[in-house]
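Here's the structure we're looking at; comments come further down.
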Amino acid sequence: AILQLADELDLQCVKLNLAQIEELGDLVGFPTKEYEMCSPEGETCWVEEKVIDHYSRVGYTVIIGKKARMSYAPPAWLPDEGSKGGILLLDDWNRADPRFVQAIMELVDRGEYISWKLPKNWNIVLTANPDSGDYVVQSLDNAQRTRYISFDLEFDKEVWAEWAEKEGIDGRCINFVLLYPELL
């Protein structure tokens, strides 16, 4: 439904299934080492280690005495600043490793995480399964509950059948769903 909504509103949508991500670096970004350099005009900037030679060839110099710092390359999935807006869909977030569940708190609270920030007009949508005992999920604590607005959604076979008929879905499939909605 979220992907369809993004399409209807002509918004970008990035979907991450947090239950399938194993490394926190996939959320933070890949670590890189940076050095402070000075341009020929005297302006300073931090430059990734792998491009120091290029900057040196055009007149930049490494500032002696400054220590290197650790930074992170933004994740490849992170949308560009120039986008007109979109949705970051974090699917199955309460099935994820507890480290991701904690990281999401910061992301939802501030729209940024350690090394990057969501562009303007981007919204975060989390999908989760209920903590009813029927699913393997992380239970939410009070701090997490205060950061989210939750909506419980239920399948409506009549609404689905109406949609399916308009979309030309085979009538046998529609009838099956109408007879056995509990299977969905």
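By convention here, the chains of the structure tokens are called A, B, ... in the order presented, each chain's residues are numbered starting at 1, and ligands are numbered starting at 1 in the order presented.
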If you count only C-alpha atoms, which residues fall within 10 Å of range 139-143 of chain A, apart from same-chain ones fewer than 5 positions away, as a ChimeraX atom specification?
/A:94-95,98,101,105,130-132,148
If we count only C-alpha atoms, what is near Leu126 in chain A at a cut-off of 9 Å, once residues fewer than 3 positions away on the same chain are taken out, given as an MDAnalysis selection string?
chainID A and resid 88:94 148
Would you kindly return, as JSON, numbers by chain, each protein, DNA or RNA residue with an atom no farther than 10 Å from any atom of Ala103 in chain A, considering only C-alpha atoms and excluding same-chain residues fewer than 4 positions away?
{"A": [24, 27, 28, 98, 99, 107, 108, 113, 114]}
Write a file of the just-selected residues containing N, CA, C and O atoms, as a PDB file, in the first residue's frame.
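Result file result_5.pdb:
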```
ATOM      1  N   LEU A  24      24.960  -3.175  10.724  1.00  0.00           N
ATOM      2  CA  LEU A  24      24.535  -1.816  11.015  1.00  0.00           C
ATOM      3  C   LEU A  24      25.117  -0.829   9.998  1.00  0.00           C
ATOM      4  O   LEU A  24      24.537   0.211   9.727  1.00  0.00           O
ATOM      5  N   LEU A  27      22.943   0.628   7.405  1.00  0.00           N
ATOM      6  CA  LEU A  27      22.108   1.756   7.797  1.00  0.00           C
ATOM      7  C   LEU A  27      22.955   3.019   7.995  1.00  0.00           C
ATOM      8  O   LEU A  27      22.577   4.098   7.566  1.00  0.00           O
ATOM      9  N   VAL A  28      24.103   2.867   8.630  1.00  0.00           N
ATOM     10  CA  VAL A  28      24.985   4.009   8.917  1.00  0.00           C
ATOM     11  C   VAL A  28      25.716   4.468   7.666  1.00  0.00           C
ATOM     12  O   VAL A  28      25.828   5.653   7.399  1.00  0.00           O
ATOM     13  N   PRO A  98      17.861  -6.162  17.565  1.00  0.00           N
ATOM     14  CA  PRO A  98      17.645  -5.052  18.506  1.00  0.00           C
ATOM     15  C   PRO A  98      18.501  -3.814  18.231  1.00  0.00           C
ATOM     16  O   PRO A  98      18.067  -2.698  18.498  1.00  0.00           O
ATOM     17  N   ARG A  99      19.698  -3.986  17.662  1.00  0.00           N
ATOM     18  CA  ARG A  99      20.536  -2.818  17.324  1.00  0.00           C
ATOM     19  C   ARG A  99      19.833  -1.921  16.310  1.00  0.00           C
ATOM     20  O   ARG A  99      19.903  -0.698  16.395  1.00  0.00           O
ATOM     21  N   LEU A 107      16.517   7.721  14.204  1.00  0.00           N
ATOM     22  CA  LEU A 107      16.140   8.119  12.858  1.00  0.00           C
ATOM     23  C   LEU A 107      14.736   8.727  12.828  1.00  0.00           C
ATOM     24  O   LEU A 107      14.525   9.787  12.235  1.00  0.00           O
ATOM     25  N   VAL A 108      13.786   8.094  13.488  1.00  0.00           N
ATOM     26  CA  VAL A 108      12.421   8.604  13.502  1.00  0.00           C
ATOM     27  C   VAL A 108      12.341   9.914  14.278  1.00  0.00           C
ATOM     28  O   VAL A 108      11.636  10.839  13.884  1.00  0.00           O
ATOM     29  N   TYR A 113      20.682  10.029  10.992  1.00  0.00           N
ATOM     30  CA  TYR A 113      21.350   8.967  11.732  1.00  0.00           C
ATOM     31  C   TYR A 113      22.858   9.064  11.541  1.00  0.00           C
ATOM     32  O   TYR A 113      23.345   8.873  10.440  1.00  0.00           O
ATOM     33  N   ILE A 114      23.573   9.387  12.548  1.00  0.00           N
ATOM     34  CA  ILE A 114      25.029   9.498  12.649  1.00  0.00           C
ATOM     35  C   ILE A 114      25.663  10.281  11.513  1.00  0.00           C
ATOM     36  O   ILE A 114      26.145  11.378  11.705  1.00  0.00           O
TER      37      ILE A 114
END
```
Using DSSP on the backbone coordinates, identify the residues of range 49-179 of chain A assigned to strand (DSSP E or B); present them as an MDAnalysis selection string.
chainID A and resid 61:62 69:73 86:91 112:113 116:117 122:126
So that I can see what lies close to Ala68 in chain A, please list as a PDB file with N, CA and C atoms, in the first residue's frame the residues with an atom at most 12 Å from it, counting only C-alpha atoms and leaving out residues fewer than 3 positions away in the same chain.
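Generated output (result_26.pdb):
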```pdb
ATOM      1  N   THR A  32      34.823   5.487   6.417  1.00  0.00           N
ATOM      2  CA  THR A  32      35.927   6.021   5.630  1.00  0.00           C
ATOM      3  C   THR A  32      36.805   6.879   6.531  1.00  0.00           C
ATOM      4  N   LYS A  33      38.051   7.072   6.131  1.00  0.00           N
ATOM      5  CA  LYS A  33      38.989   7.912   6.875  1.00  0.00           C
ATOM      6  C   LYS A  33      39.151   9.225   6.109  1.00  0.00           C
ATOM      7  N   GLU A  34      39.093  10.335   6.833  1.00  0.00           N
ATOM      8  CA  GLU A  34      39.209  11.649   6.200  1.00  0.00           C
ATOM      9  C   GLU A  34      40.355  12.438   6.827  1.00  0.00           C
ATOM     10  N   TYR A  35      40.919  13.337   6.006  1.00  0.00           N
ATOM     11  CA  TYR A  35      41.974  14.242   6.465  1.00  0.00           C
ATOM     12  C   TYR A  35      41.553  15.671   6.147  1.00  0.00           C
ATOM     13  N   GLU A  36      41.931  16.601   7.003  1.00  0.00           N
ATOM     14  CA  GLU A  36      41.630  18.000   6.743  1.00  0.00           C
ATOM     15  C   GLU A  36      42.677  18.548   5.776  1.00  0.00           C
ATOM     16  N   MET A  37      42.198  19.223   4.735  1.00  0.00           N
ATOM     17  CA  MET A  37      43.086  19.792   3.716  1.00  0.00           C
ATOM     18  C   MET A  37      42.769  21.269   3.554  1.00  0.00           C
ATOM     19  N   TRP A  46      37.331  18.603   4.688  1.00  0.00           N
ATOM     20  CA  TRP A  46      37.701  17.226   5.004  1.00  0.00           C
ATOM     21  C   TRP A  46      37.601  16.398   3.735  1.00  0.00           C
ATOM     22  N   VAL A  47      38.637  15.597   3.468  1.00  0.00           N
ATOM     23  CA  VAL A  47      38.746  14.841   2.224  1.00  0.00           C
ATOM     24  C   VAL A  47      38.982  13.372   2.558  1.00  0.00           C
ATOM     25  N   GLU A  48      38.256  12.511   1.856  1.00  0.00           N
ATOM     26  CA  GLU A  48      38.453  11.073   2.049  1.00  0.00           C
ATOM     27  C   GLU A  48      39.858  10.673   1.637  1.00  0.00           C
ATOM     28  N   GLU A  49      40.411   9.741   2.364  1.00  0.00           N
ATOM     29  CA  GLU A  49      41.780   9.285   2.161  1.00  0.00           C
ATOM     30  C   GLU A  49      42.042   8.872   0.705  1.00  0.00           C
ATOM     31  N   VAL A  62      47.582  18.833   2.843  1.00  0.00           N
ATOM     32  CA  VAL A  62      47.095  18.266   4.105  1.00  0.00           C
ATOM     33  C   VAL A  62      47.562  19.180   5.225  1.00  0.00           C
ATOM     34  N   ILE A  63      46.683  19.490   6.144  1.00  0.00           N
ATOM     35  CA  ILE A  63      47.043  20.347   7.275  1.00  0.00           C
ATOM     36  C   ILE A  63      47.824  19.495   8.272  1.00  0.00           C
ATOM     37  N   ILE A  64      49.088  19.841   8.439  1.00  0.00           N
ATOM     38  CA  ILE A  64      49.981  19.087   9.320  1.00  0.00           C
ATOM     39  C   ILE A  64      49.548  19.297  10.776  1.00  0.00           C
ATOM     40  N   GLY A  65      49.625  18.238  11.551  1.00  0.00           N
ATOM     41  CA  GLY A  65      49.275  18.330  12.960  1.00  0.00           C
ATOM     42  C   GLY A  65      47.826  17.992  13.240  1.00  0.00           C
ATOM     43  N   SER A  71      34.731   8.876   9.244  1.00  0.00           N
ATOM     44  CA  SER A  71      33.451   9.342   8.746  1.00  0.00           C
ATOM     45  C   SER A  71      32.773   8.147   8.085  1.00  0.00           C
TER      46      SER A  71
END
```
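By only C-alpha atoms, and with residues fewer than 2 positions from Ala161 in chain A along its chain excluded, the set lying at most 12 Å from it is Phe155, Asp156, Lys157, Glu158, Val159, Trp163, Ala164, Glu165, Lys166, Glu167, Gly168, Ile169, Asp170, Gly171, Arg172, Cys173, Ile174, Asn175, Phe176, Val177, Leu178, Leu179 and Pro181 of chain A.
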Output file for the residues above (N, CA, C and O atoms, as a PDB file, in the first residue's frame):
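So the final result, stored in result-v1.pdb, reads:
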```pdb
ATOM      1  N   PHE A 155      -7.383  -6.649   6.891  1.00  0.00           N
ATOM      2  CA  PHE A 155      -7.764  -6.966   5.526  1.00  0.00           C
ATOM      3  C   PHE A 155      -9.284  -6.895   5.400  1.00  0.00           C
ATOM      4  O   PHE A 155     -10.010  -7.466   6.213  1.00  0.00           O
ATOM      5  N   ASP A 156      -9.760  -6.190   4.382  1.00  0.00           N
ATOM      6  CA  ASP A 156     -11.194  -6.086   4.116  1.00  0.00           C
ATOM      7  C   ASP A 156     -11.457  -6.776   2.784  1.00  0.00           C
ATOM      8  O   ASP A 156     -11.118  -6.244   1.717  1.00  0.00           O
ATOM      9  N   LYS A 157     -12.029  -7.956   2.865  1.00  0.00           N
ATOM     10  CA  LYS A 157     -12.214  -8.759   1.655  1.00  0.00           C
ATOM     11  C   LYS A 157     -13.103  -8.068   0.624  1.00  0.00           C
ATOM     12  O   LYS A 157     -12.881  -8.194  -0.574  1.00  0.00           O
ATOM     13  N   GLU A 158     -14.102  -7.306   1.074  1.00  0.00           N
ATOM     14  CA  GLU A 158     -15.008  -6.631   0.143  1.00  0.00           C
ATOM     15  C   GLU A 158     -14.284  -5.518  -0.625  1.00  0.00           C
ATOM     16  O   GLU A 158     -14.453  -5.379  -1.842  1.00  0.00           O
ATOM     17  N   VAL A 159     -13.497  -4.736   0.085  1.00  0.00           N
ATOM     18  CA  VAL A 159     -12.737  -3.659  -0.567  1.00  0.00           C
ATOM     19  C   VAL A 159     -11.738  -4.265  -1.545  1.00  0.00           C
ATOM     20  O   VAL A 159     -11.574  -3.787  -2.676  1.00  0.00           O
ATOM     21  N   TRP A 163     -11.522  -3.824  -5.695  1.00  0.00           N
ATOM     22  CA  TRP A 163     -10.283  -3.427  -6.380  1.00  0.00           C
ATOM     23  C   TRP A 163      -9.883  -4.487  -7.402  1.00  0.00           C
ATOM     24  O   TRP A 163      -9.538  -4.165  -8.547  1.00  0.00           O
ATOM     25  N   ALA A 164      -9.911  -5.750  -6.997  1.00  0.00           N
ATOM     26  CA  ALA A 164      -9.478  -6.841  -7.865  1.00  0.00           C
ATOM     27  C   ALA A 164     -10.320  -6.920  -9.131  1.00  0.00           C
ATOM     28  O   ALA A 164      -9.808  -7.172 -10.227  1.00  0.00           O
ATOM     29  N   GLU A 165     -11.621  -6.697  -8.995  1.00  0.00           N
ATOM     30  CA  GLU A 165     -12.502  -6.727 -10.161  1.00  0.00           C
ATOM     31  C   GLU A 165     -12.138  -5.612 -11.137  1.00  0.00           C
ATOM     32  O   GLU A 165     -12.059  -5.832 -12.351  1.00  0.00           O
ATOM     33  N   LYS A 166     -11.891  -4.396 -10.616  1.00  0.00           N
ATOM     34  CA  LYS A 166     -11.492  -3.259 -11.475  1.00  0.00           C
ATOM     35  C   LYS A 166     -10.165  -3.522 -12.170  1.00  0.00           C
ATOM     36  O   LYS A 166      -9.950  -3.059 -13.290  1.00  0.00           O
ATOM     37  N   GLU A 167      -9.278  -4.258 -11.501  1.00  0.00           N
ATOM     38  CA  GLU A 167      -7.957  -4.540 -12.052  1.00  0.00           C
ATOM     39  C   GLU A 167      -7.944  -5.750 -12.985  1.00  0.00           C
ATOM     40  O   GLU A 167      -6.902  -6.097 -13.539  1.00  0.00           O
ATOM     41  N   GLY A 168      -9.091  -6.396 -13.130  1.00  0.00           N
ATOM     42  CA  GLY A 168      -9.177  -7.534 -14.046  1.00  0.00           C
ATOM     43  C   GLY A 168      -8.603  -8.824 -13.473  1.00  0.00           C
ATOM     44  O   GLY A 168      -8.214  -9.714 -14.233  1.00  0.00           O
ATOM     45  N   ILE A 169      -8.560  -8.933 -12.157  1.00  0.00           N
ATOM     46  CA  ILE A 169      -8.073 -10.167 -11.533  1.00  0.00           C
ATOM     47  C   ILE A 169      -9.081 -11.290 -11.840  1.00  0.00           C
ATOM     48  O   ILE A 169     -10.293 -11.073 -11.823  1.00  0.00           O
ATOM     49  N   ASP A 170      -8.561 -12.464 -12.098  1.00  0.00           N
ATOM     50  CA  ASP A 170      -9.393 -13.624 -12.425  1.00  0.00           C
ATOM     51  C   ASP A 170     -10.480 -13.806 -11.364  1.00  0.00           C
ATOM     52  O   ASP A 170     -10.210 -13.805 -10.161  1.00  0.00           O
ATOM     53  N   GLY A 171     -11.725 -13.989 -11.811  1.00  0.00           N
ATOM     54  CA  GLY A 171     -12.873 -14.141 -10.929  1.00  0.00           C
ATOM     55  C   GLY A 171     -12.741 -15.306  -9.964  1.00  0.00           C
ATOM     56  O   GLY A 171     -13.249 -15.269  -8.841  1.00  0.00           O
ATOM     57  N   ARG A 172     -12.050 -16.372 -10.393  1.00  0.00           N
ATOM     58  CA  ARG A 172     -11.859 -17.527  -9.501  1.00  0.00           C
ATOM     59  C   ARG A 172     -11.019 -17.130  -8.287  1.00  0.00           C
ATOM     60  O   ARG A 172     -11.284 -17.551  -7.162  1.00  0.00           O
ATOM     61  N   CYS A 173     -10.043 -16.288  -8.517  1.00  0.00           N
ATOM     62  CA  CYS A 173      -9.194 -15.801  -7.415  1.00  0.00           C
ATOM     63  C   CYS A 173     -10.010 -14.920  -6.467  1.00  0.00           C
ATOM     64  O   CYS A 173      -9.927 -15.061  -5.240  1.00  0.00           O
ATOM     65  N   ILE A 174     -10.814 -14.048  -7.045  1.00  0.00           N
ATOM     66  CA  ILE A 174     -11.655 -13.156  -6.228  1.00  0.00           C
ATOM     67  C   ILE A 174     -12.617 -13.985  -5.383  1.00  0.00           C
ATOM     68  O   ILE A 174     -12.759 -13.749  -4.176  1.00  0.00           O
ATOM     69  N   ASN A 175     -13.264 -14.975  -5.996  1.00  0.00           N
ATOM     70  CA  ASN A 175     -14.201 -15.820  -5.258  1.00  0.00           C
ATOM     71  C   ASN A 175     -13.502 -16.603  -4.147  1.00  0.00           C
ATOM     72  O   ASN A 175     -14.046 -16.758  -3.049  1.00  0.00           O
ATOM     73  N   PHE A 176     -12.310 -17.086  -4.427  1.00  0.00           N
ATOM     74  CA  PHE A 176     -11.550 -17.815  -3.405  1.00  0.00           C
ATOM     75  C   PHE A 176     -11.280 -16.929  -2.194  1.00  0.00           C
ATOM     76  O   PHE A 176     -11.495 -17.327  -1.056  1.00  0.00           O
ATOM     77  N   VAL A 177     -10.839 -15.694  -2.453  1.00  0.00           N
ATOM     78  CA  VAL A 177     -10.550 -14.771  -1.354  1.00  0.00           C
ATOM     79  C   VAL A 177     -11.815 -14.428  -0.585  1.00  0.00           C
ATOM     80  O   VAL A 177     -11.809 -14.336   0.644  1.00  0.00           O
ATOM     81  N   LEU A 178     -12.915 -14.237  -1.287  1.00  0.00           N
ATOM     82  CA  LEU A 178     -14.183 -13.937  -0.612  1.00  0.00           C
ATOM     83  C   LEU A 178     -14.654 -15.109   0.263  1.00  0.00           C
ATOM     84  O   LEU A 178     -15.238 -14.916   1.326  1.00  0.00           O
ATOM     85  N   LEU A 179     -14.387 -16.340  -0.191  1.00  0.00           N
ATOM     86  CA  LEU A 179     -14.802 -17.516   0.588  1.00  0.00           C
ATOM     87  C   LEU A 179     -13.854 -17.829   1.734  1.00  0.00           C
ATOM     88  O   LEU A 179     -14.293 -18.325   2.778  1.00  0.00           O
ATOM     89  N   PRO A 181     -11.159 -15.668   3.378  1.00  0.00           N
ATOM     90  CA  PRO A 181     -10.311 -14.521   3.687  1.00  0.00           C
ATOM     91  C   PRO A 181      -9.315 -14.781   4.811  1.00  0.00           C
ATOM     92  O   PRO A 181      -8.261 -14.149   4.881  1.00  0.00           O
TER      93      PRO A 181
END
```
CA of Glu112 in chain A to CA of Asp152 in chain A: how many Å, to one decimal?
26.2 Å
